[in-house]
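What follows is a short report on a single structure.
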Protein chains: 4
Amino acid sequence: MDLIIKNGSLVDSVGVYRANLAINKGKIEAIYSNPDRFSAEKTIDAEGKYIFPGVVDSHVHFQLQDLGKEISTDSFASGTQAAAFGGCTTIIDFADQTRGASPLKGFLERQKVANSQVAIDYGLHVSKTDLEFLDEIIALINEGVSSFKFFTTYSWRNLDLHDSELIKFFSVIRKNRALAMGHLENDSIVQQGIQQMIDEGKLDPIHHAESRPHIAEEEAIQKALLFVQKTKAKLHIAHITTKEGSDLLRTAKQQDMRVTGETCPHYLLLNEKAYMAEDGYLNLMSPPLRYAKDQQALVNRIKDGTIDLIVTDHCEFSRKSKGNGNLPFYKVLNGIPGIETSLPLMYDLLINKYKMDITKLITLMSTNPAKLFGLYPQKGSLQVNTDADLVIFDPSIEKTIRPEILHHNIDWNPYSGMKVKGWPIATILRGQILCENGEFIGPKKAGKFLARQLTYQ
Amino acid sequence: MDLIIKNGSLVDSVGVYRANLAINKGKIEAIYSNPDRFSAEKTIDAEGKYIFPGVVDSHVHFQLQDLGKEISTDSFASGTQAAAFGGCTTIIDFADQTRGASPLKGFLERQKVANSQVAIDYGLHVSKTDLEFLDEIIALINEGVSSFKFFTTYSWRNLDLHDSELIKFFSVIRKNRALAMGHLENDSIVQQGIQQMIDEGKLDPIHHAESRPHIAEEEAIQKALLFVQKTKAKLHIAHITTKEGSDLLRTAKQQDMRVTGETCPHYLLLNEKAYMAEDGYLNLMSPPLRYAKDQQALVNRIKDGTIDLIVTDHCEFSRKSKGNGNLPFYKVLNGIPGIETSLPLMYDLLINKYKMDITKLITLMSTNPAKLFGLYPQKGSLQVNTDADLVIFDPSIEKTIRPEILHHNIDWNPYSGMKVKGWPIATILRGQILCENGEFIGPKKAGKFLARQLTYQ
Amino acid sequence: MDLIIKNGSLVDSVGVYRANLAINKGKIEAIYSNPDRFSAEKTIDAEGKYIFPGVVDSHVHFQLQDLGKEISTDSFASGTQAAAFGGCTTIIDFADQTRGASPLKGFLERQKVANSQVAIDYGLHVSKTDLEFLDEIIALINEGVSSFKFFTTYSWRNLDLHDSELIKFFSVIRKNRALAMGHLENDSIVQQGIQQMIDEGKLDPIHHAESRPHIAEEEAIQKALLFVQKTKAKLHIAHITTKEGSDLLRTAKQQDMRVTGETCPHYLLLNEKAYMAEDGYLNLMSPPLRYAKDQQALVNRIKDGTIDLIVTDHCEFSRKSKGNGNLPFYKVLNGIPGIETSLPLMYDLLINKYKMDITKLITLMSTNPAKLFGLYPQKGSLQVNTDADLVIFDPSIEKTIRPEILHHNIDWNPYSGMKVKGWPIATILRGQILCENGEFIGPKKAGKFLARQLTYQ
Amino acid sequence: MDLIIKNGSLVDSVGVYRANLAINKGKIEAIYSNPDRFSAEKTIDAEGKYIFPGVVDSHVHFQLQDLGKEISTDSFASGTQAAAFGGCTTIIDFADQTRGASPLKGFLERQKVANSQVAIDYGLHVSKTDLEFLDEIIALINEGVSSFKFFTTYSWRNLDLHDSELIKFFSVIRKNRALAMGHLENDSIVQQGIQQMIDEGKLDPIHHAESRPHIAEEEAIQKALLFVQKTKAKLHIAHITTKEGSDLLRTAKQQDMRVTGETCPHYLLLNEKAYMAEDGYLNLMSPPLRYAKDQQALVNRIKDGTIDLIVTDHCEFSRKSKGNGNLPFYKVLNGIPGIETSLPLMYDLLINKYKMDITKLITLMSTNPAKLFGLYPQKGSLQVNTDADLVIFDPSIEKTIRPEILHHNIDWNPYSGMKVKGWPIATILRGQILCENGEFIGPKKAGKFLARQLTYQ
């Protein structure tokens with residue numbers, strides 16, 4: 001065997017059980033009872049530790065290029081390495097179509113950029129921003145793209161689909177059995193909200209939240225659900241932030257609609273007060289942080305199974321890129337880091353604080369994203385013969401989040417000062433130990449592109 | 001007394017009872033039991049007849065001017081005279097704001113045009129097409145305008161309010177306790193629908209319906225209801241045509257929202273087959289005629305009280321104005337006549353065919369519109385001391401609808417050939433007999449402008 | 001004319017308008033504008049007063065005989081006279097079937113007892129307590145009984161219908177187009193509740209409420225609604241007391257079920273605290289008084305139209321009959337007076353305090369009971385040619401409720417000490433002034449039995 | 001190793017994957033990839049076969065004693081052997097409390113009877129038929145009884161809990177974190193139904209169904225759900241048979257109530273026509289077989305996850321015990337066999353016919369019953385270190401069901417003549433092969449009692 005992990009407690013989306021793992025040629029070769037059964041070159045004793053399937057973070061933006069001049073701080077290289085430290089072994093990033101250009105070509109270029117850098121495995125969603133190239137969907141599916149993102153807002157950057165386009169988009173998605181993934185905010189309300197803030201001279205970070213009110217999300221979700229109902233397409237709702245939005249998702253599921261939803265750690269752990277704190281401009285992202293009532297509603301919707309995934313929407317910018325606090329809110333680049341901290345933060349919140357079952361955590365952060373986006377069971381499971389993507393997690397380690405203990409490229413972190421109990425101590429990708437005890441000891445370019453499957457009929 | 005109507009069966013929105021009516025100085029002076037109690041210059045014996053309060057048709061377009069060159073065939077003069085023949089004693093027409101121009105000024109001009117012509121009483125809704133002049137709402141309310149129309153479509157004619165404008169509009173409407181009246185179709189879907197028909201060379205009347213699908217109405221109503229829920233404005237939904245739309249209205253009422261809705265005789269009596277008939281182009285209007293299932297759904301929603309009003313959306317054009325059948329559907333002027341036939345058609349449909357209570361008819365066509373638009377009890381009731389606006393209706397007369405027996409300016413009628421039982425034989429406006437036995441015997445300019453009240457807190 | 005009431009403000013279930021009333025031979029002869037139009041032997045100037053149709057109290061128990069030895073304090077004579085002072089011109093009492101005896105015979109006997117005493121008009125519901133005589137329903141309907149009461153509790157007095165009996169009862173009711181009126185409490189829960197209180201030595205009045213918990217009402221209503229849904233019978237739910245019960249009624253109506261409901265002034269004005277007050281034993285009735293939250297819920301359900309009627313369930317006992325406070329709760333006779341105070345109390349609560357429209361009061365207390373139980377429009381309306389049953393109500397009179405100012409046979413009143421504004425100053429039955437300015441000036445046996453109509457197909 | 005099963009496709013409630021199983025000392029020792037990794041005394045090559053966790057049939061009646069003289073045909077010995085042939089490795093039977101006797105004592109006696117006979121593992125539910133011994137629940141929980149059955153019907157055999165008893169029962173269940181399992185039919189309706197059939201001389205098997213109408217189940221479930229909602233107890237609804245019942249369960253789950261439900265193969269495969277077939281009396285059980293529409297509804301509710309378990313309610317009687325067709329329906333002993341055929345029948349129905357995912361079958365018949373009743377993961381899973389209870393299932397074998405190919409004690413079978421594809425070819429209990437290729441080759445008394453865990457807080 002190449003690697004043995006003995007005496008750990010295996011956790012998957014179904015249960016927790018004590019067993020040993022033998023890994024060979026990148027796969028889980030055996031799960032077994034007697035720890036002395038096998039020997040290997042390398043053995044890790046995981047007594048007192050959990051073994052999770054690696055985190056699958058299906059909403060990540062590395063070296064984001066479409067904002068014009070500025071590029072997000074994390075390259076695919078630095079970003080995937082930070083991800084590995086956080087227990088993440090698979091990410092799904094985006095190939096954004098430029099309006100008027102071939103999405104297939106854009107996808108291939110993006111793939112080339114990533115391939116030479118990634119430390120962990122990755123896939124790509126393709127963002128559809130116009131309908132000119134809908135016929136390329138089949139080619140993209142053949143390339144391993146099973147999910148297509150759309151926006152209902154950002155008309156000022158030509159990103160949005162109009163209502164009639166959206167219906168057509170859904171029809172094509174349905175016909176090809178792909179998945180539509182929506183950034184759902186009402187464009188007219190957001191545009192007017194920003195303009196109103198400008199007109200009234202309200203330019204501080206808190207006015208970012210005011211400019212994109214709850215109803216912008218609620219209306220866009222309500223509309224998308226209506227169109228999905230008519231077209232029978234499968235929809236995944238990105239970054240749900242509001243009680244209203246999560247309630248609509250719940251109702252849609254009760255009507256047996258084919259719809260899923262995600263939220264992010266920052267919508268659970270932070271609220272609008274973060275905009276009024278020092279350096280509040282750093283916390284700008286869209287949709288914005290909401291109220292305490294929304295945080296509680298999202299927790300409830302995680303408990304009852306309405307929310308299917310927790311992902312990071314990781315998109316990191318330096319203080320300088322974010323304007324050092326000298327810009328009006330609407331000119332600040334949007335996005336915060338999250339990929340290295342999401343597993344310990346969510347473990348601490350959901351398991352330590354809210355006493356949920358630990359299998360829930362794995363379901364939300366590994367199994368469900370793998371299933372939804374066509375990677376299961378190779379990713380997101382602990383089955384024999386699947387990829388040995390693993391995290392060893394020590395539930396007893398206490399840490400205080402600080403930029404200094406993390407491995408991204410910036411000197412700030414939105415969760416700085418938060419104390420957590422539980423931390424990933426080793427991350428294994430297809431049998432290779434990437435990180436162990438805070439050191440990156442594996443190869444830095446071990447990742448590969450994942451062609452993803454369609455997931456429904 | 002000026003006029004006595006004896007031995008009739010009075011019908012209002014509550015009950016039917018045999019009594020006599022004495023009218024003096026334009027008002028109902030007495031309702032009484034003994035027919036010999038009073039004498040008057042003129043006495044009508046209504047033995048075997050119903051006495052209704054005059055029809056209040058709150059959705060009418062006479063001499064419509066905003067379509068550019070063509071003006072609708074009915075002037076205020078000819079239109080209100082035809083209305084009188086049909087048992088209608090009050091209409092509410094529209095003063096459409098020209099984008100960029102003062103709606104108050106537009107209202108005053110429209111009022112001047114109407115004042116010199118009208119045979120029956122009238123009010124005006126003001127159509128808000130931009131938000132530049134929202135502060136004139138107060139002045140307009142003081143002039144007697146309590147309801148303001150908006151569109152979510154017709155962007156190509158600059159008529160629509162965007163979502164953010166709509167929210168603002170509702171807020172101002174709410175603040176001033178006015179009523180918002182919405183033409184609700186999704187602009188993007190309608191635009192694309194028309195373009196698609198053009199692209200595919202589908203230019204026949206039936207493609208008009210195809211170009212404005214059910215979901216265009218459903219989505220727009222769903223959205224407006226969400227905004228109304230947030231702003232607490234009072235909304236009236238114009239011309240509901242679909243099962244889906246009427247179901248949304250029902251649900252909204254169950255949630256105690258302040259919302260009402262109307263449909264029109266043509267959505268109940270005609271369906272898309274009318275577009276495939278000879279001269280189908282004549283039947284073009286928007287929203288279009290729907291399916292048989294929608295007709296049945298609308299009847300059910302009338303029965304259960306979901307639909308509050310039946311109005312005509314009367315807007316009459318000659319064959320020539322409609323292009324004599326030589327135009328593609330999207331160039332044909334929209335609108336059909338209806339004001340002279342709505343009472344007998346609806347009596348025949350709802351009372352004779354569907355066996356509803358006759359008070360329902362009066363509720364839908366007289367009391368409810370009067371209440372909703374701030375005219376009650378002067379209009380829409382049979383109370384002592386209110387305007388003696390009355391119809392004497394003979395339930396035994398059988399007629400076949402033909403253009404020749406009607407009094408409008410055109411040689412066609414969408415209901416031509418339909419047989420009905422029950423016909424208005426006299427119409428009385430504030431005590432003056434306008435029509436009797438098919439003759440217009442009253443003054444032709446007896447109508448006056450009605451300043452309307454606000455109707456909620 | 002026999003009687004003229006001039007210058008008053010007429011209030012019916014639709015509107016309020018100033019007019020004059022001429023009454024002749026017991027009927028409303030004319031409603032008219034000019035107060036000088038008619039003269040009569042007797043003219044009342046009602047300037048500043050309201051004219052209501054007389055209250056129709058459809059749930060009343062006079063000289064209740066089925067409790068064994070004790071008879072309720074009010075005879076038909078004293079009870080109907082007190083009712084007249086309160087503005088009530090029609091009551092509906094009960095002919096309770098004795099198990100094993102003919103309900104028709106019981107009805108005829110009860111009718112005979114009442115006929116010789118009543119000061120106002122009356123009808124009778126028949127209480128069905130077993131199914132042996134279901135075929136007498138047709139005979140009873142022919143006698144003018146259109147509503148039949150049933151109980152789901154009081155098994156210890158042999159009053160309840162078992163579930164299978166209830167289904168059969170509803171089927172027969174449906175077939176004959178009659179109305180089922182239900183006292184809905186779960187028998188098993190109530191029985192066990194009482195026994196548990198006895199076992200635990202909890203014998204004070206407050207434990208009466210504890211012994212009949214909310215869920216007893218909720219379960220019984222839920223069950224009855226299920227059976228009604230299956231049998232298509234029309235159901236009226238007597239004395240709803242709980243939020244839960246009224247919510248079930250609301251939901252049933254939203255599903256277009258043929259179901260109505262009533263509550264009583266005591267459930268709106270009093271709550272369980274009344275059991276802990278001095279002489280709390282006097283306030284014992286069933287179902288019991290509830291919590292403040294229920295009071296508020298009932299008000300909300302009145303506002304939104306869920307609750308159709310307000311009736312008194314008047315059933316009066318002297319202190320002595322109620323045991324002078326020396327009995328355990330379960331031995332105290334149930335029932336409180338209410339008929340003389342309900343109109344001013346409800347006027348004060350709904351109109352003065354909750355600012356509802358005054359037409360709502362008339363709808364709840366006169367029009368709706370008259371319609372539901374087959375008396376409309378002779379009762380419950382102000383139409384020409386209907387019975388001149390009228391109340392003249394002075395909204396400016398302030399009174400403090402005291403037993404001394406009332407006309408019933410007992411020295412206590414549950415509302416004693418409450419201040420109200422608004423009081424009935426004259427009551428007219430079929431044109432005869434019964435009470436005026438606190439004096440009973442009319443004939444004391446003017447009432448007659450009312451044969452009631454069936455009200456649905 | 002004691003036993004190796006190689007080259008099979010493992011199926012659990014999550015996925016299907018090819019792997020090998022090594023079993024040692026009754027436990028799954030290893031799951032591994034390379035089939036040559038281990039050797040053992042006995043190796044089974046399962047190429048082309050499925051490996052399932054053993055079926056857990058949580059609703060079984062062997063040697064049923066409480067019907068008076070007759071005892072059901074299957075002893076614990078014969079019944080558990082037949083079960084093993086059918087792929088079942090765990091059953092849960094019942095210890096019925098005799099009214100007035102100690103349920104703990106009854107449980108211990110029943111345990112003694114079973115212990116000496118069982119071929120597979122077993123647990124016991126305790127049936128609570130009165131509340132006298134509620135305090136013994138704690139002792140029973142300590143003995144490994146985590147679920148308690150109750151009845152709402154069979155008052156004539158003193159089995160039912162009245163409504164007030166039911167509320168108290170639920171409260172005690174909740175307090176002790178146990179599970180209530182309900183036979184839910186309305187007693188009054190059933191009693192009356194039977195009596196009515198007798199009165200009308202309708203004594204054939206089909207009248208059994210008529211005597212226990214759909215509404216009997218619907219009402220009882222509706223009521224139990226209300227009480228569960230109030231008491232917060234956890235409820236499992238036994239043998240759901242109707243569309244109405246399954247719809248109520250669905251709604252309750254949507255409201256996050258702690259409620260589960262089961263149905264049985266006969267409600268899915270048979271309907272009331274089976275009562276009109278030859279020997280229809282054999283198919284008598286309660287609740288009865290329903291309509292085709294109910295069968296379809298149950299399938300839909302299985303698909304959408306509403307129904308949690310499929311169990312057999314196995315209760316077998318000989319033709320003679322059932323009266324040889326000479327008895328009126330109400331005297332025929334109720335119950336049919338099912339335990340040996342349920343796995344192949346359900347595989348054929350759900351997988352072959354309805355194309356559900358095969359993991360669904362395992363979820364319904366093994367994992368969910370194990371979880372719900374406190375046996376997971378020892379039973380119902382394929383995890384390392386859990387009991388090696390396994391079925392090897394050959395999806396290619398075609399069989400026609402006949403009594404002769406089965407191993408129970410009777411010469412009839414309700415599914416006789418049905419063709420299925422897919423059959424269990426080996427059953428392993430804690431590592432011991434009980435049956436292989438139609439022979440019982442293992443020990444006949446290998447089973448043991450399972451103390452079960454509580455499953456919620």
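We label chains A, B, ... in the order they appear in the structure tokens, count residues from 1 in each chain, and number ligands from 1 in the order shown.
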
Counting only C-alpha atoms, which residues of chain D come no farther than 7 Å from chain A, as a PDB file with C-alpha atoms, in the first residue's frame?
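See result-v1.pdb below for the written result:
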ATOM      1  CA  ALA D  19     -15.819  -4.060  -4.168  1.00  0.00           C
ATOM      2  CA  GLU D  29     -13.701  -6.900   8.447  1.00  0.00           C
ATOM      3  CA  ALA D  30     -12.743  -5.160   5.238  1.00  0.00           C
ATOM      4  CA  ILE D  31     -14.145  -3.667   2.082  1.00  0.00           C
ATOM      5  CA  TYR D  32     -11.440  -3.598  -0.540  1.00  0.00           C
ATOM      6  CA  SER D  33     -10.544  -3.325  -4.124  1.00  0.00           C
ATOM      7  CA  GLN D 254     -43.370  19.614   5.204  1.00  0.00           C
ATOM      8  CA  VAL D 384     -16.694  -2.044   8.326  1.00  0.00           C
ATOM      9  CA  ASN D 385     -17.075  -3.350  11.867  1.00  0.00           C
TER      10      ASN D 385
END

Checklist entry - Tell me, which residues of range 24-272 of chain D carry DSSP alpha helix (DSSP H), written as a ChimeraX atom specification? => result /D:76-85,103-115,136-142,163-175,187-199,205-211,214-231,243-254,265-269

Checklist entry - Nearest to Thr153 in chain D: which of D:Gln63, D:Gln192, D:Thr43, D:Thr231 is it, counting only C-alpha atoms? => result D:Gln192

Next on the checklist: Which residues are close to Leu140 in chain A, i.e. within 9 Å by only C-alpha atoms, leaving aside same-chain residues fewer than 2 positions away? Reply as a PyMOL selection string.
Outcome noted: chain A and resi 103-104+107+126+136-138+142-146

Item to check | Contacts of Lys360 in chain C at 9 Å (only C-alpha atoms; same-chain gap of 3+ positions) as a count of residues only | outcome: 12

Item to check | Polymer residues at most 9 Å from range 279-287 of chain B, only C-alpha atoms, same-chain spacing of 6 or more positions, as a VMD selection string | outcome: chain B and resid 183 to 185 204 to 206 208 to 209 212 217 239 to 241 273 315 317 to 319 322 to 325 327 329 332 to 336 412 to 414

Include N, CA and C atoms and write out the residues we just selected as a short mmCIF file (atom, residue, chain, number, x, y, z; two decimals), in the first residue's frame.
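Here's the written file selection12.cif:
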data_model
loop_
_atom_site.label_atom_id
_atom_site.label_comp_id
_atom_site.auth_asym_id
_atom_site.auth_seq_id
_atom_site.Cartn_x
_atom_site.Cartn_y
_atom_site.Cartn_z
N HIS B 183 -51.68 47.21 -15.94
CA HIS B 183 -51.66 46.35 -17.13
C HIS B 183 -50.42 45.50 -16.98
N LEU B 184 -50.60 44.21 -16.68
CA LEU B 184 -49.50 43.37 -16.25
C LEU B 184 -49.15 42.30 -17.27
N GLU B 185 -48.16 42.59 -18.05
CA GLU B 185 -47.54 41.59 -18.92
C GLU B 185 -46.03 41.82 -18.86
N ASP B 204 -49.93 35.85 -38.81
CA ASP B 204 -51.39 35.81 -38.79
C ASP B 204 -51.92 36.18 -37.40
N PRO B 205 -53.22 36.48 -37.35
CA PRO B 205 -53.79 36.89 -36.05
C PRO B 205 -53.52 35.90 -34.92
N ILE B 206 -53.55 34.61 -35.21
CA ILE B 206 -53.35 33.63 -34.15
C ILE B 206 -51.98 33.79 -33.51
N HIS B 208 -50.54 36.45 -32.79
CA HIS B 208 -50.62 37.48 -31.75
C HIS B 208 -50.72 36.81 -30.38
N ALA B 209 -51.59 35.83 -30.25
CA ALA B 209 -51.73 35.12 -28.97
C ALA B 209 -50.44 34.40 -28.61
N ARG B 212 -47.69 36.53 -27.01
CA ARG B 212 -47.89 37.04 -25.64
C ARG B 212 -48.38 35.87 -24.78
N GLU B 217 -48.24 37.06 -18.57
CA GLU B 217 -49.19 37.60 -17.58
C GLU B 217 -48.87 37.09 -16.18
N HIS B 239 -57.79 43.57 -16.64
CA HIS B 239 -58.02 42.51 -17.63
C HIS B 239 -57.22 41.23 -17.40
N ILE B 240 -57.58 40.48 -16.39
CA ILE B 240 -56.97 39.16 -16.16
C ILE B 240 -57.53 38.20 -17.21
N THR B 241 -56.63 37.46 -17.84
CA THR B 241 -57.07 36.59 -18.93
C THR B 241 -56.78 35.11 -18.69
N LYS B 273 -59.70 30.64 -30.75
CA LYS B 273 -60.29 30.24 -32.03
C LYS B 273 -60.80 31.44 -32.81
N CYS B 315 -62.53 49.53 -26.84
CA CYS B 315 -61.62 50.35 -27.64
C CYS B 315 -61.85 49.95 -29.09
N PHE B 317 -62.19 50.09 -33.21
CA PHE B 317 -61.58 50.57 -34.46
C PHE B 317 -62.36 50.00 -35.64
N SER B 318 -62.37 50.78 -36.72
CA SER B 318 -63.03 50.32 -37.96
C SER B 318 -62.17 49.26 -38.63
N ARG B 319 -62.78 48.54 -39.54
CA ARG B 319 -62.02 47.59 -40.35
C ARG B 319 -60.84 48.28 -41.01
N LYS B 322 -58.09 48.97 -38.75
CA LYS B 322 -57.42 47.71 -38.38
C LYS B 322 -56.69 47.09 -39.57
N GLY B 323 -56.73 47.77 -40.70
CA GLY B 323 -55.89 47.33 -41.81
C GLY B 323 -56.58 46.40 -42.80
N ASN B 324 -57.88 46.22 -42.61
CA ASN B 324 -58.63 45.38 -43.56
C ASN B 324 -58.05 43.99 -43.75
N GLY B 325 -57.33 43.50 -42.75
CA GLY B 325 -56.81 42.14 -42.85
C GLY B 325 -55.53 42.04 -43.65
N LEU B 327 -52.57 43.50 -42.75
CA LEU B 327 -51.37 43.81 -41.95
C LEU B 327 -50.91 42.58 -41.16
N PHE B 329 -49.88 40.79 -37.76
CA PHE B 329 -50.61 40.99 -36.50
C PHE B 329 -50.05 42.13 -35.67
N VAL B 332 -51.46 45.64 -36.36
CA VAL B 332 -52.90 45.89 -36.26
C VAL B 332 -53.21 46.62 -34.96
N LEU B 333 -54.02 47.67 -35.07
CA LEU B 333 -54.41 48.38 -33.85
C LEU B 333 -55.20 47.44 -32.95
N ASN B 334 -54.92 47.50 -31.66
CA ASN B 334 -55.52 46.61 -30.67
C ASN B 334 -56.80 47.19 -30.07
N GLY B 335 -57.81 46.33 -29.88
CA GLY B 335 -59.01 46.79 -29.20
C GLY B 335 -60.27 46.36 -29.91
N ILE B 336 -61.31 46.09 -29.14
CA ILE B 336 -62.61 45.71 -29.70
C ILE B 336 -63.70 46.47 -28.98
N TRP B 412 -68.95 46.01 -37.66
CA TRP B 412 -68.64 44.64 -37.23
C TRP B 412 -68.78 44.58 -35.70
N ASN B 413 -68.92 43.37 -35.20
CA ASN B 413 -68.98 43.19 -33.76
C ASN B 413 -68.44 41.80 -33.42
N PRO B 414 -67.61 41.71 -32.40
CA PRO B 414 -66.98 40.42 -32.11
C PRO B 414 -67.98 39.34 -31.67
#
